[in-house]
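**Student:** As input, take run02.txt (compact mmCIF, C-alpha atoms):
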# COMPACT_ATOMS: atom_id res chain seq x y z
CA MET A 1 -9.13 35.24 -5.69
CA LYS A 2 -11.38 32.20 -5.56
CA ILE A 3 -9.78 29.35 -3.64
CA GLY A 4 -10.96 25.76 -3.82
CA ILE A 5 -10.28 23.60 -0.76
CA VAL A 6 -10.55 19.86 -1.36
CA GLY A 7 -10.95 18.01 1.93
CA TRP A 8 -12.20 19.58 5.16
CA GLY A 9 -9.86 17.99 7.69
CA LEU A 10 -7.05 19.56 9.69
CA GLU A 11 -5.17 20.58 6.57
CA GLY A 12 -8.21 22.00 4.79
CA LYS A 13 -9.11 24.10 7.83
CA SER A 14 -5.49 25.21 8.16
CA ALA A 15 -5.41 26.38 4.53
CA PHE A 16 -8.69 28.26 5.03
CA ASN A 17 -7.23 30.09 8.05
CA TYR A 18 -3.90 30.68 6.30
CA PHE A 19 -5.41 32.51 3.33
CA GLY A 20 -7.91 34.37 5.48
CA PRO A 21 -11.26 36.06 4.88
CA ASN A 22 -10.38 38.28 1.92
CA HIS A 23 -11.06 35.59 -0.69
CA GLU A 24 -13.92 33.56 -2.08
CA TYR A 25 -13.99 29.87 -1.24
CA LEU A 26 -15.42 26.66 -2.64
CA ILE A 27 -14.99 23.98 0.03
CA VAL A 28 -15.62 20.40 -1.08
CA ASN A 29 -15.54 17.21 0.96
CA GLU A 30 -16.60 13.63 0.38
CA THR A 31 -18.94 13.62 3.37
CA PRO A 32 -20.96 16.22 5.32
CA LEU A 33 -19.33 17.52 8.51
CA ASP A 34 -20.59 19.50 11.46
CA ASP A 35 -17.82 22.10 11.38
CA PHE A 36 -18.06 23.48 7.85
CA PRO A 37 -17.91 27.29 7.85
CA GLU A 38 -21.23 29.02 7.40
CA GLU A 39 -22.11 29.52 3.75
CA SER A 40 -22.32 33.06 2.44
CA ALA A 41 -21.83 35.04 -0.74
CA LYS A 42 -18.09 34.32 -0.41
CA ILE A 43 -18.15 30.73 0.93
CA LYS A 44 -19.78 27.75 -0.79
CA VAL A 45 -19.69 24.17 0.54
CA LYS A 46 -20.31 20.96 -1.43
CA TYR A 47 -20.33 17.30 -0.36
CA LEU A 48 -21.88 13.95 -1.18
CA SER A 49 -25.16 13.40 0.60
CA GLY A 50 -25.06 9.61 0.27
CA GLY A 51 -22.80 7.21 2.13
CA ARG A 52 -19.28 6.26 1.06
CA PRO A 53 -17.42 2.95 1.33
CA PRO A 54 -15.12 2.51 4.33
CA GLY A 55 -11.48 3.32 3.77
CA LEU A 56 -9.28 6.22 2.83
CA THR A 57 -10.43 9.32 1.01
CA GLY A 58 -9.91 8.77 -2.70
CA ASN A 59 -11.69 5.42 -3.11
CA ILE A 60 -15.12 6.65 -4.24
CA SER A 61 -16.68 6.53 -7.71
CA ASP A 62 -19.12 9.45 -7.34
CA LEU A 63 -16.96 12.52 -7.94
CA SER A 64 -19.81 14.99 -8.34
CA TYR A 65 -18.74 16.81 -5.17
CA LEU A 66 -15.75 18.08 -7.18
CA ASN A 67 -17.91 19.81 -9.80
CA ASP A 68 -16.70 23.38 -10.50
CA ILE A 69 -13.48 22.99 -8.54
CA GLU A 70 -11.54 23.58 -11.78
CA ASN A 71 -13.05 27.08 -12.01
CA CYS A 72 -11.20 28.23 -8.89
CA ASP A 73 -8.08 30.37 -9.24
CA LYS A 74 -6.16 28.23 -6.74
CA ILE A 75 -6.96 24.71 -5.53
CA VAL A 76 -5.54 23.47 -2.22
CA TYR A 77 -6.13 19.74 -1.83
CA THR A 78 -5.59 17.33 1.02
CA PRO A 79 -2.97 14.82 -0.24
CA VAL A 80 -5.25 11.77 0.13
CA ALA A 81 -7.76 13.46 -2.18
CA ARG A 82 -5.30 13.60 -5.08
CA LYS A 83 -6.38 10.23 -6.51
CA ASN A 84 -9.93 11.56 -6.92
CA LEU A 85 -8.60 14.66 -8.65
CA GLU A 86 -6.44 12.56 -10.95
CA LYS A 87 -9.53 10.68 -12.10
CA LEU A 88 -11.14 13.93 -13.23
CA PHE A 89 -8.08 15.88 -14.38
CA PRO A 90 -5.46 13.26 -15.33
CA ASP A 91 -3.60 15.32 -17.95
CA ASP A 92 -5.08 18.77 -17.45
CA HIS A 93 -1.95 20.91 -17.24
CA SER A 94 -3.87 24.10 -16.52
CA PHE A 95 -5.57 22.44 -13.53
CA TRP A 96 -2.39 21.06 -11.96
CA GLN A 97 -0.59 24.37 -12.44
CA LYS A 98 -2.96 25.96 -9.93
CA ALA A 99 -3.41 22.91 -7.67
CA THR A 100 -1.25 22.69 -4.56
CA THR A 101 -1.07 21.32 -1.01
CA ASN A 102 -0.18 22.76 2.37
CA GLN A 103 3.21 21.07 2.07
CA HIS A 104 3.93 22.71 -1.29
CA ILE A 105 3.11 26.12 0.15
CA PHE A 106 5.24 25.42 3.22
CA PHE A 107 8.38 24.46 1.29
CA GLU A 108 7.90 27.43 -1.05
CA THR A 109 7.58 30.00 1.74
CA VAL A 110 9.32 28.79 4.92
CA ALA A 111 12.12 31.09 6.11
CA THR A 112 14.61 28.37 7.12
CA LYS A 113 16.57 25.73 5.25
CA ASN A 114 16.82 23.71 8.47
CA VAL A 115 14.08 21.23 7.65
CA ILE A 116 14.19 17.60 8.77
CA GLY A 117 11.74 15.17 7.17
CA VAL A 118 11.00 11.66 8.40
CA THR A 119 9.15 8.97 6.48
CA GLY A 120 8.78 5.19 6.63
CA THR A 121 5.95 2.72 6.85
CA LYS A 122 5.85 2.80 10.64
CA GLY A 123 7.89 4.48 13.36
CA LYS A 124 7.99 7.93 11.77
CA GLY A 125 5.81 9.51 14.47
CA THR A 126 7.99 8.16 17.28
CA THR A 127 11.23 9.00 15.46
CA SER A 128 10.21 12.54 14.52
CA THR A 129 8.96 13.19 18.07
CA LEU A 130 12.28 11.96 19.50
CA ILE A 131 14.20 14.23 17.13
CA THR A 132 12.06 17.20 18.12
CA ARG A 133 12.42 16.63 21.85
CA MET A 134 16.18 16.03 21.64
CA LEU A 135 16.73 19.21 19.64
CA GLU A 136 14.56 21.18 22.08
CA ALA A 137 16.52 19.71 25.01
CA ALA A 138 19.71 20.87 23.26
CA GLY A 139 18.36 24.42 23.21
CA LYS A 140 17.17 24.65 19.61
CA SER A 141 13.99 26.43 18.54
CA VAL A 142 11.97 23.65 16.89
CA HIS A 143 8.62 23.48 15.06
CA PHE A 144 7.02 20.05 14.69
CA GLY A 145 4.31 19.17 12.19
CA GLY A 146 3.34 17.46 8.98
CA ASN A 147 1.35 14.26 9.22
CA VAL A 148 1.34 14.62 13.03
CA GLY A 149 1.78 17.64 15.25
CA ARG A 150 0.53 20.99 13.93
CA PRO A 151 -0.52 21.50 10.31
CA VAL A 152 2.42 23.20 8.62
CA LEU A 153 0.50 26.31 7.55
CA ASP A 154 -0.44 26.92 11.20
CA PHE A 155 3.18 27.75 12.03
CA VAL A 156 5.04 28.52 8.77
CA LYS A 157 4.84 32.29 9.40
CA GLU A 158 6.38 31.80 12.88
CA VAL A 159 9.55 30.08 11.62
CA LYS A 160 12.77 32.13 11.79
CA SER A 161 15.82 31.61 9.61
CA ASP A 162 17.83 29.77 12.27
CA ASP A 163 14.93 27.67 13.60
CA TRP A 164 14.58 23.94 12.94
CA VAL A 165 11.49 22.27 11.54
CA VAL A 166 10.77 18.55 11.96
CA LEU A 167 8.14 17.06 9.65
CA GLU A 168 6.59 13.63 9.68
CA LEU A 169 5.86 12.94 6.02
CA ALA A 170 3.42 10.22 4.96
CA ASN A 171 3.30 8.58 1.54
CA PHE A 172 0.26 10.67 0.61
CA GLN A 173 2.14 13.91 1.27
CA LEU A 174 5.15 12.71 -0.70
CA TYR A 175 3.14 11.46 -3.69
CA LYS A 176 4.39 13.39 -6.76
CA PHE A 177 5.94 15.92 -4.37
CA PRO A 178 8.70 18.12 -5.88
CA TYR A 179 10.58 19.11 -2.69
CA SER A 180 12.91 17.32 -0.28
CA PRO A 181 14.09 18.41 3.20
CA HIS A 182 17.70 19.27 4.00
CA ILE A 183 17.95 16.24 6.30
CA ALA A 184 15.74 13.37 5.16
CA VAL A 185 15.20 10.15 7.10
CA CYS A 186 13.70 6.97 5.65
CA LEU A 187 12.84 4.23 8.12
CA MET A 188 11.85 0.66 7.26
CA ILE A 189 9.56 0.40 4.23
CA THR A 190 7.02 -2.42 3.90
CA PRO A 191 3.89 -2.64 1.71
CA GLU A 192 1.04 -0.46 2.95
CA HIS A 193 -1.90 1.54 1.60
CA LEU A 194 -2.14 -0.67 -1.47
CA GLU A 195 -5.83 0.18 -1.63
CA TRP A 196 -4.75 3.76 -2.46
CA HIS A 197 -1.57 3.16 -4.44
CA HIS A 198 -1.68 1.15 -7.67
CA ASP A 199 0.97 -1.23 -6.35
CA ILE A 200 4.06 -1.38 -4.14
CA ASP A 201 6.11 0.38 -6.84
CA ASP A 202 3.74 3.36 -6.71
CA TYR A 203 4.09 3.43 -2.90
CA VAL A 204 7.90 3.29 -3.06
CA GLU A 205 7.94 5.93 -5.80
CA ALA A 206 6.01 8.28 -3.52
CA LYS A 207 8.35 7.68 -0.58
CA SER A 208 11.41 8.31 -2.77
CA ASN A 209 10.53 11.99 -3.08
CA ILE A 210 11.86 12.58 0.41
CA PHE A 211 15.34 12.11 -1.12
CA ARG A 212 14.85 12.63 -4.85
CA HIS A 213 15.00 16.44 -4.83
CA GLN A 214 17.86 16.89 -2.38
CA LYS A 215 21.05 18.76 -3.26
CA SER A 216 24.65 17.59 -2.87
CA ASP A 217 25.01 19.34 0.51
CA ASP A 218 21.90 17.67 1.95
CA ILE A 219 21.85 14.56 4.16
CA ALA A 220 20.06 11.25 3.56
CA ILE A 221 19.67 8.93 6.56
CA PHE A 222 18.38 5.42 5.85
CA PHE A 223 18.03 1.88 7.20
CA PRO A 224 20.49 -0.33 5.28
CA ASN A 225 18.95 -3.58 6.57
CA ASN A 226 15.77 -2.78 4.64
CA LYS A 227 16.16 -3.08 0.86
CA LEU A 228 13.42 -0.58 0.06
CA SER A 229 14.83 2.06 2.43
CA ALA A 230 18.26 1.63 0.84
CA LYS A 231 16.73 1.75 -2.65
CA ILE A 232 14.92 4.99 -1.87
CA ALA A 233 18.04 6.59 -0.35
CA ALA A 234 19.96 5.89 -3.56
CA TYR A 235 17.95 8.66 -5.22
CA SER A 236 19.62 11.28 -3.04
CA PRO A 237 22.64 13.15 -4.41
CA GLY A 238 23.46 14.16 -0.84
CA HIS A 239 25.61 12.64 1.89
CA LYS A 240 24.19 9.23 2.82
CA ILE A 241 24.36 7.92 6.39
CA PRO A 242 22.99 4.54 7.50
CA TYR A 243 21.51 4.10 10.95
CA PHE A 244 21.42 0.97 13.15
CA HIS A 245 24.77 0.38 11.45
CA PRO A 246 28.05 2.28 11.50
CA PRO A 247 28.94 5.02 10.73
CA GLY A 248 25.46 5.94 12.03
CA VAL A 249 24.26 5.23 15.57
CA PHE A 250 23.86 1.52 16.35
CA VAL A 251 23.58 -0.99 19.20
CA ASP A 252 26.86 -2.75 19.96
CA SER A 253 27.39 -6.28 21.24
CA GLY A 254 27.30 -5.02 24.81
CA SER A 255 23.79 -3.56 24.38
CA ASP A 256 25.05 0.00 24.36
CA ILE A 257 23.67 2.52 21.88
CA VAL A 258 26.82 4.04 20.40
CA SER A 259 28.10 6.53 17.84
CA ASP A 260 31.48 7.31 16.22
CA GLY A 261 31.83 3.74 15.00
CA GLY A 262 31.37 2.47 18.55
CA LYS A 263 33.79 4.84 20.29
CA THR A 264 31.14 6.93 22.07
CA LYS A 265 28.55 5.37 24.37
CA ILE A 266 25.26 7.22 24.40
CA ILE A 267 23.12 5.01 26.65
CA ASN A 268 22.54 1.35 27.39
CA LYS A 269 19.40 0.01 25.76
CA GLU A 270 18.14 -1.18 29.17
CA ASP A 271 18.02 2.45 30.29
CA VAL A 272 15.68 3.66 27.55
CA LYS A 273 11.98 3.79 28.30
CA LEU A 274 10.54 2.83 24.90
CA LEU A 275 9.27 -0.75 24.66
CA GLY A 276 10.07 -3.08 21.79
CA ALA A 277 13.12 -4.05 19.76
CA HIS A 278 11.76 -2.08 16.80
CA ASN A 279 12.05 1.11 18.82
CA LEU A 280 15.80 0.60 19.05
CA GLN A 281 15.82 1.20 15.30
CA ASN A 282 13.75 4.35 15.74
CA ILE A 283 16.08 5.56 18.49
CA CYS A 284 19.16 4.99 16.35
CA ALA A 285 17.53 6.83 13.45
CA ALA A 286 16.61 9.77 15.69
CA VAL A 287 20.02 10.06 17.35
CA THR A 288 21.84 9.72 14.02
CA THR A 289 19.75 12.64 12.79
CA VAL A 290 20.21 14.81 15.87
CA LEU A 291 24.00 14.35 15.79
CA GLN A 292 24.01 16.07 12.39
CA VAL A 293 22.74 19.18 14.19
CA THR A 294 24.24 19.11 17.70
CA ASP A 295 26.82 17.20 19.73
CA ASN A 296 24.87 17.67 22.98
CA LEU A 297 24.77 14.05 24.15
CA ASP A 298 23.45 15.01 27.58
CA ALA A 299 20.26 16.29 25.94
CA VAL A 300 19.97 13.09 23.91
CA ARG A 301 20.41 10.92 27.01
CA ARG A 302 17.81 12.85 29.02
CA ILE A 303 15.16 12.30 26.39
CA LEU A 304 15.96 8.61 25.86
CA ALA A 305 15.81 7.99 29.62
CA SER A 306 12.39 9.61 29.97
CA PHE A 307 10.39 9.30 26.73
CA THR A 308 7.85 6.47 27.02
CA GLY A 309 6.25 6.75 23.60
CA LEU A 310 3.23 8.17 21.83
CA GLU A 311 -0.43 7.49 22.42
CA HIS A 312 -1.71 4.28 20.80
CA ARG A 313 1.86 3.00 20.25
CA LEU A 314 2.38 0.10 22.67
CA GLU A 315 0.71 2.30 25.26
CA PHE A 316 0.22 0.71 28.66
CA VAL A 317 -3.41 1.03 29.75
CA ARG A 318 -3.98 -0.98 32.91
CA ASP A 319 -2.86 -3.87 35.08
CA LEU A 320 -5.93 -5.78 36.29
CA GLU A 321 -5.58 -8.97 38.31
CA GLY A 322 -2.09 -9.54 36.93
CA VAL A 323 -3.12 -9.02 33.31
CA ARG A 324 -1.56 -6.03 31.52
CA TYR A 325 -3.46 -4.31 28.72
CA TYR A 326 -1.68 -2.45 25.90
CA ASP A 327 -3.07 -0.20 23.18
CA ASP A 328 -1.11 -0.42 19.92
CA SER A 329 -3.98 0.78 17.72
CA PHE A 330 -1.62 2.88 15.61
CA GLY A 331 -0.16 -0.36 14.26
CA THR A 332 -2.19 -0.84 11.09
CA THR A 333 0.00 -3.23 9.08
CA PRO A 334 0.84 -6.91 9.63
CA ASP A 335 4.48 -5.98 10.23
CA THR A 336 3.57 -3.67 13.10
CA ALA A 337 1.47 -6.41 14.69
CA ILE A 338 4.46 -8.74 14.44
CA VAL A 339 6.86 -6.33 16.14
CA ALA A 340 4.25 -5.59 18.82
CA MET A 341 3.75 -9.24 19.71
CA GLN A 342 7.53 -9.75 19.69
CA ALA A 343 7.93 -6.89 22.18
CA PHE A 344 6.54 -9.15 24.93
CA SER A 345 7.78 -12.59 25.94
CA GLU A 346 4.71 -13.21 28.11
CA PRO A 347 1.65 -15.15 26.86
CA LYS A 348 -0.61 -12.85 24.86
CA ILE A 349 -4.22 -12.37 23.92
CA MET A 350 -4.09 -10.63 20.53
CA VAL A 351 -6.83 -8.55 18.92
CA LEU A 352 -6.25 -8.81 15.16
CA GLY A 353 -8.16 -7.69 12.08
CA GLY A 354 -10.07 -4.78 10.61
CA HIS A 355 -10.36 -3.16 7.21
CA ASP A 356 -8.73 -4.96 4.27
CA LYS A 357 -6.23 -2.71 2.48
CA GLY A 358 -4.56 -5.39 0.40
CA SER A 359 -1.86 -6.59 2.81
CA SER A 360 -0.74 -10.19 3.12
CA PHE A 361 -1.30 -11.76 6.55
CA ASP A 362 0.87 -14.85 6.00
CA GLU A 363 3.85 -13.62 8.05
CA MET A 364 1.59 -12.28 10.78
CA ALA A 365 -0.16 -15.64 11.07
CA ARG A 366 3.20 -17.38 11.22
CA ALA A 367 4.36 -14.99 13.94
CA VAL A 368 1.27 -15.78 16.05
CA THR A 369 2.29 -19.43 16.16
CA LYS A 370 5.83 -18.52 17.27
CA SER A 371 5.24 -15.62 19.67
CA ASN A 372 3.59 -17.21 22.70
CA VAL A 373 0.08 -16.09 21.72
CA ARG A 374 -2.56 -17.82 23.83
CA HIS A 375 -5.67 -16.63 22.00
CA VAL A 376 -6.63 -14.46 19.01
CA ILE A 377 -9.76 -12.33 18.78
CA ALA A 378 -10.27 -11.75 15.05
CA ILE A 379 -12.40 -8.73 14.15
CA GLY A 380 -13.59 -6.78 11.13
CA MET A 381 -13.76 -7.71 7.46
CA THR A 382 -10.36 -9.45 7.55
CA ALA A 383 -11.33 -11.76 10.44
CA PRO A 384 -12.25 -14.77 8.25
CA LYS A 385 -9.03 -14.45 6.24
CA ILE A 386 -6.86 -14.22 9.36
CA ALA A 387 -8.73 -17.04 11.12
CA LYS A 388 -8.29 -19.36 8.12
CA LEU A 389 -4.57 -18.67 7.91
CA LEU A 390 -4.20 -19.42 11.63
CA ARG A 391 -6.23 -22.65 11.43
CA ASP A 392 -4.20 -23.76 8.42
CA ARG A 393 -1.17 -23.52 10.71
CA GLY A 394 -2.86 -25.50 13.49
CA PHE A 395 -3.77 -22.52 15.69
CA THR A 396 -7.40 -22.88 16.74
CA ASN A 397 -7.76 -20.65 19.82
CA ILE A 398 -9.73 -18.02 17.92
CA THR A 399 -12.83 -15.96 18.64
CA GLU A 400 -14.73 -14.37 15.74
CA GLY A 401 -17.90 -12.38 15.31
CA LEU A 402 -17.52 -9.68 17.95
CA THR A 403 -18.45 -6.21 16.74
CA THR A 404 -18.15 -3.82 19.71
CA MET A 405 -15.12 -2.94 21.79
CA PRO A 406 -16.73 -3.80 25.16
CA GLU A 407 -17.45 -7.31 23.78
CA ILE A 408 -13.88 -7.61 22.49
CA VAL A 409 -12.32 -6.50 25.77
CA ALA A 410 -14.64 -8.73 27.84
CA GLU A 411 -13.65 -11.71 25.71
CA ALA A 412 -9.97 -10.85 26.13
CA GLN A 413 -10.38 -10.66 29.90
CA ALA A 414 -12.17 -14.01 29.95
CA ARG A 415 -9.35 -15.66 27.98
CA ALA A 416 -6.44 -14.10 29.89
CA HIS A 417 -4.61 -15.54 32.89
CA ALA A 418 -2.53 -13.67 35.46
CA GLY A 419 0.81 -12.80 33.88
CA ASP A 420 -0.66 -12.45 30.37
CA ILE A 421 -0.63 -9.46 28.03
CA VAL A 422 -3.80 -8.30 26.24
CA LEU A 423 -2.60 -6.52 23.13
CA LEU A 424 -4.66 -4.48 20.69
CA SER A 425 -2.36 -4.49 17.66
CA THR A 426 -4.64 -5.43 14.83
CA GLY A 427 -2.37 -5.40 11.78
CA CYS A 428 -5.18 -3.63 9.92
CA SER A 429 -6.71 -0.20 9.56
CA SER A 430 -9.79 0.51 11.63
CA PHE A 431 -12.40 1.48 9.02
CA GLY A 432 -15.70 -0.36 9.28
CA LEU A 433 -15.99 -0.94 13.02
CA PHE A 434 -14.31 2.32 14.07
CA LYS A 435 -13.86 5.85 12.79
CA ASP A 436 -10.05 5.68 12.75
CA TYR A 437 -7.15 4.21 14.73
CA LYS A 438 -7.55 6.86 17.44
CA ASP A 439 -11.22 5.99 17.90
CA ARG A 440 -10.36 2.30 18.05
CA GLY A 441 -7.61 2.88 20.62
CA ASN A 442 -9.72 5.22 22.72
CA GLN A 443 -12.62 2.77 22.75
CA PHE A 444 -10.22 0.01 23.80
CA LYS A 445 -8.85 2.09 26.67
CA LYS A 446 -12.33 3.11 27.78
CA ALA A 447 -13.54 -0.51 27.77
CA VAL A 448 -10.43 -1.69 29.63
CA MET A 449 -10.81 0.98 32.30
CA ALA A 450 -14.48 0.03 32.68
CA LEU A 451 -13.65 -3.59 33.59
CA PRO A 452 -14.58 -4.19 37.25
CA ALA A 453 -11.63 -4.70 39.57
How does the structure come out when it is put into structure tokens?
**Tutor:**
Amino acid sequence: MKIGIVGWGLEGKSAFNYFGPNHEYLIVNETPLDDFPEESAKIKVKYLSGGRPPGLTGNISDLSYLNDIENCDKIVYTPVARKNLEKLFPDDHSFWQKATTNQHIFFETVATKNVIGVTGTKGKGTTSTLITRMLEAAGKSVHFGGNVGRPVLDFVKEVKSDDWVVLELANFQLYKFPYSPHIAVCLMITPEHLEWHHDIDDYVEAKSNIFRHQKSDDIAIFFPNNKLSAKIAAYSPGHKIPYFHPPGVFVDSGSDIVSDGGKTKIINKEDVKLLGAHNLQNICAAVTTVLQVTDNLDAVRRILASFTGLEHRLEFVRDLEGVRYYDDSFGTTPDTAIVAMQAFSEPKIMVLGGHDKGSSFDEMARAVTKSNVRHVIAIGMTAPKIAKLLRDRGFTNITEGLTTMPEIVAEAQARAHAGDIVLLSTGCSSFGLFKDYKDRGNQFKKAVMALPA
């Protein structure tokens, strides 16, 4: 069989390893990479030799790297590459019959029905990690993957019938996806990736697939305070449970996180380690989910009292001369920048800006003026837009024009006073100045740690 692999990232490599050496391969990627397999009579590699615009895969006009992919017997594509494929094969039924993703293969072959899927605009990584750790603490055998963790084809053959699988599912993976997990969780939904989706309706339509294909005995957990989350959950024919609101887990008037309509105290919010009011929502979503599987509250409490969060999510980096530095590089939407700045009451130096993916910055600019922000360092292609919105609101403590992370961090240090917070939470994706959000966060941490004491 000749297999076409579209996209040589983690998922492309995982598919290559999953199918093994007894096939022919055509591997195509938008850009050249150092870790392509060696070409041979059975392996061919194609890519674009020229540059590509910054941004997500799927935004290029030169599709010549896809030539001959339709002649493969099976095509396994990275979800973000689908838009490119749709340009070439919009209505080609024979092509789409043999085109698939790692996630399709996983749902078609996995040995267990105990699959939990988590989506949302932000918070899904934290929530799915919490669910995984709580279930493990309760003695369950758990496999964690999807958009974070291990690629699903790396572990699908390991899964036993009574194991649990937790998947973080991004909009790209859910786009036109025909399967839904047994327990599906939809967190807050706000506009994102509008440079990839046609519009917000296309984005919401993709997210809805986490519920759309459920059965009547499946479970749909959603955030009722968010209209789009509630709208998406309405597609599920299964049992619907809200979180952050009874009958799901919520925070009562006494600051306790509770279940059973308030009858059972799980933990006081002051005893959890995660920073930020938004993480209370993630906690309630995770615990609501876990309680559908186990009643082991001791395991739940142990994790909530010890879990401090994921890398690049309000991650504490350093305290230097009374100034605390935090890396929230994973926050790539205006809404995540807002919740990050609201997580701290102290005066803040904010690093905002980056690649423009079609989001509105009006609410973020308004939040800057109301969230005790001392100074803004505006970076990337969105810097002029953000700076203008701030100046229109009378906020003029702005630095523009910096292009390297050491310059950005040095400027932040110069502007900060003892007791301040320096917060990298840009409200934008990282493309242009940085490879990705991880690169941006790692460069920030490196530059902060290099500041002389």
**Student:** What's the 9 Å shell around Ser64 (chain A), counting only C-alpha atoms, without same-chain residues fewer than 3 positions away, as a list of chain:residue names?
**Tutor:**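 Non-adjacent residues within range: A:Tyr47, A:Leu48, A:Asn67.
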**Student:** So that I can check the surroundings of Ser49 (chain A), please list as a PyMOL selection string every protein, DNA and RNA residue that reaches within 12 Å of it, counting only C-alpha atoms and ignoring chain neighbours fewer than 2 positions away.
**Tutor:** chain A and resi 28-33+46-47+51-52+62-65
**Student:** Please produce an output containing C-alpha atoms for each residue in the selection, written as an mmCIF file, in the coordinates of the input.
**Tutor:**
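File written: selection_26.cif
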data_model
loop_
_atom_site.group_PDB
_atom_site.id
_atom_site.type_symbol
_atom_site.label_atom_id
_atom_site.label_comp_id
_atom_site.auth_asym_id
_atom_site.auth_seq_id
_atom_site.Cartn_x
_atom_site.Cartn_y
_atom_site.Cartn_z
ATOM 1 C CA VAL A 28 -15.620 20.400 -1.080
ATOM 2 C CA ASN A 29 -15.540 17.210 0.960
ATOM 3 C CA GLU A 30 -16.600 13.630 0.380
ATOM 4 C CA THR A 31 -18.940 13.620 3.370
ATOM 5 C CA PRO A 32 -20.960 16.220 5.320
ATOM 6 C CA LEU A 33 -19.330 17.520 8.510
ATOM 7 C CA LYS A 46 -20.310 20.960 -1.430
ATOM 8 C CA TYR A 47 -20.330 17.300 -0.360
ATOM 9 C CA GLY A 51 -22.800 7.210 2.130
ATOM 10 C CA ARG A 52 -19.280 6.260 1.060
ATOM 11 C CA ASP A 62 -19.120 9.450 -7.340
ATOM 12 C CA LEU A 63 -16.960 12.520 -7.940
ATOM 13 C CA SER A 64 -19.810 14.990 -8.340
ATOM 14 C CA TYR A 65 -18.740 16.810 -5.170
#
**Student:** Taking into account all atoms listed in the file, which residue in the set A:Ser141, A:Ser216, A:Gln173, A:Thr121 is nearest to Thr78 (chain A)?
**Tutor:**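 Among the listed residues, A:Gln173 lies closest to Thr78 (chain A).
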**Student:** Between A:Asp327, A:Arg391, A:Asp154, A:Gly120, which is the closest to Ala230 (chain A) once you count only C-alpha atoms?
**Tutor:**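 Ranked by minimum distance to Ala230 (chain A), first place goes to A:Gly120.
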**Student:** Just to confirm, what's the straight-line distance from CA of Glu108 (chain A) to CA of Val156 (chain A) in Å (one decimal)?
**Tutor:**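 Between these atoms lies a distance of 10.3 Å.
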**Student:** Rank A:Glu39, A:Asp252, A:Glu11, A:Glu363 by their smallest atom-to-atom distance to Val152 (chain A), using only C-alpha atoms, and report the top residue only.
**Tutor:**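 Closest candidate: A:Glu11.
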**Student:** For each of A:Glu136, A:Asp199, A:Glu270, A:Asp439, take the minimum atom-to-atom distance to Asp163 (chain A), counting only C-alpha atoms, then give the residue where this is smallest.
**Tutor:**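 So, comparing all the options, the nearest one is A:Glu136.
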**Student:** Can you measure CA of Ile232 (chain A) to CA of Lys122 (chain A) for me? One decimal in Å is fine.
**Tutor:**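 Answer for the CA of Ile232 (chain A) to CA of Lys122 (chain A) separation: 15.6 Å.
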**Student:** Can you pull out the residues contacting region 217-226 of chain A? Cut-off 9 Å, using only C-alpha atoms, and skip same-chain residues under 2 positions away; I want them as a JSON list (two decimals) with C-alpha atoms, in the frame of the given file.
**Tutor:**
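Contents of out-v6.json, freshly written:
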[["chain", "number", "residue", "atom", "x", "y", "z"],
["A", 181, "PRO", "CA", 14.09, 18.41, 3.20],
["A", 182, "HIS", "CA", 17.70, 19.27, 4.00],
["A", 183, "ILE", "CA", 17.95, 16.24, 6.30],
["A", 184, "ALA", "CA", 15.74, 13.37, 5.16],
["A", 185, "VAL", "CA", 15.20, 10.15, 7.10],
["A", 186, "CYS", "CA", 13.70, 6.97, 5.65],
["A", 187, "LEU", "CA", 12.84, 4.23, 8.12],
["A", 188, "MET", "CA", 11.85, 0.66, 7.26],
["A", 189, "ILE", "CA", 9.56, 0.40, 4.23],
["A", 190, "THR", "CA", 7.02, -2.42, 3.90],
["A", 210, "ILE", "CA", 11.86, 12.58, 0.41],
["A", 211, "PHE", "CA", 15.34, 12.11, -1.12],
["A", 214, "GLN", "CA", 17.86, 16.89, -2.38],
["A", 215, "LYS", "CA", 21.05, 18.76, -3.26],
["A", 228, "LEU", "CA", 13.42, -0.58, 0.06],
["A", 229, "SER", "CA", 14.83, 2.06, 2.43],
["A", 230, "ALA", "CA", 18.26, 1.63, 0.84],
["A", 231, "LYS", "CA", 16.73, 1.75, -2.65],
["A", 232, "ILE", "CA", 14.92, 4.99, -1.87],
["A", 233, "ALA", "CA", 18.04, 6.59, -0.35],
["A", 234, "ALA", "CA", 19.96, 5.89, -3.56],
["A", 236, "SER", "CA", 19.62, 11.28, -3.04],
["A", 237, "PRO", "CA", 22.64, 13.15, -4.41],
["A", 238, "GLY", "CA", 23.46, 14.16, -0.84],
["A", 239, "HIS", "CA", 25.61, 12.64, 1.89],
["A", 240, "LYS", "CA", 24.19, 9.23, 2.82],
["A", 241, "ILE", "CA", 24.36, 7.92, 6.39],
["A", 242, "PRO", "CA", 22.99, 4.54, 7.50],
["A", 243, "TYR", "CA", 21.51, 4.10, 10.95],
["A", 244, "PHE", "CA", 21.42, 0.97, 13.15],
["A", 245, "HIS", "CA", 24.77, 0.38, 11.45],
["A", 248, "GLY", "CA", 25.46, 5.94, 12.03],
["A", 281, "GLN", "CA", 15.82, 1.20, 15.30],
["A", 285, "ALA", "CA", 17.53, 6.83, 13.45],
["A", 288, "THR", "CA", 21.84, 9.72, 14.02],
["A", 289, "THR", "CA", 19.75, 12.64, 12.79],
["A", 292, "GLN", "CA", 24.01, 16.07, 12.39]]
**Student:** Please list as a VMD selection string every residue within 12 Å of Lys388 (chain A), counting all atoms listed in the file and excluding residues in the same chain fewer than 5 positions away.
**Tutor:** chain A and resid 361 to 362 365 378 382 to 383 393 to 400
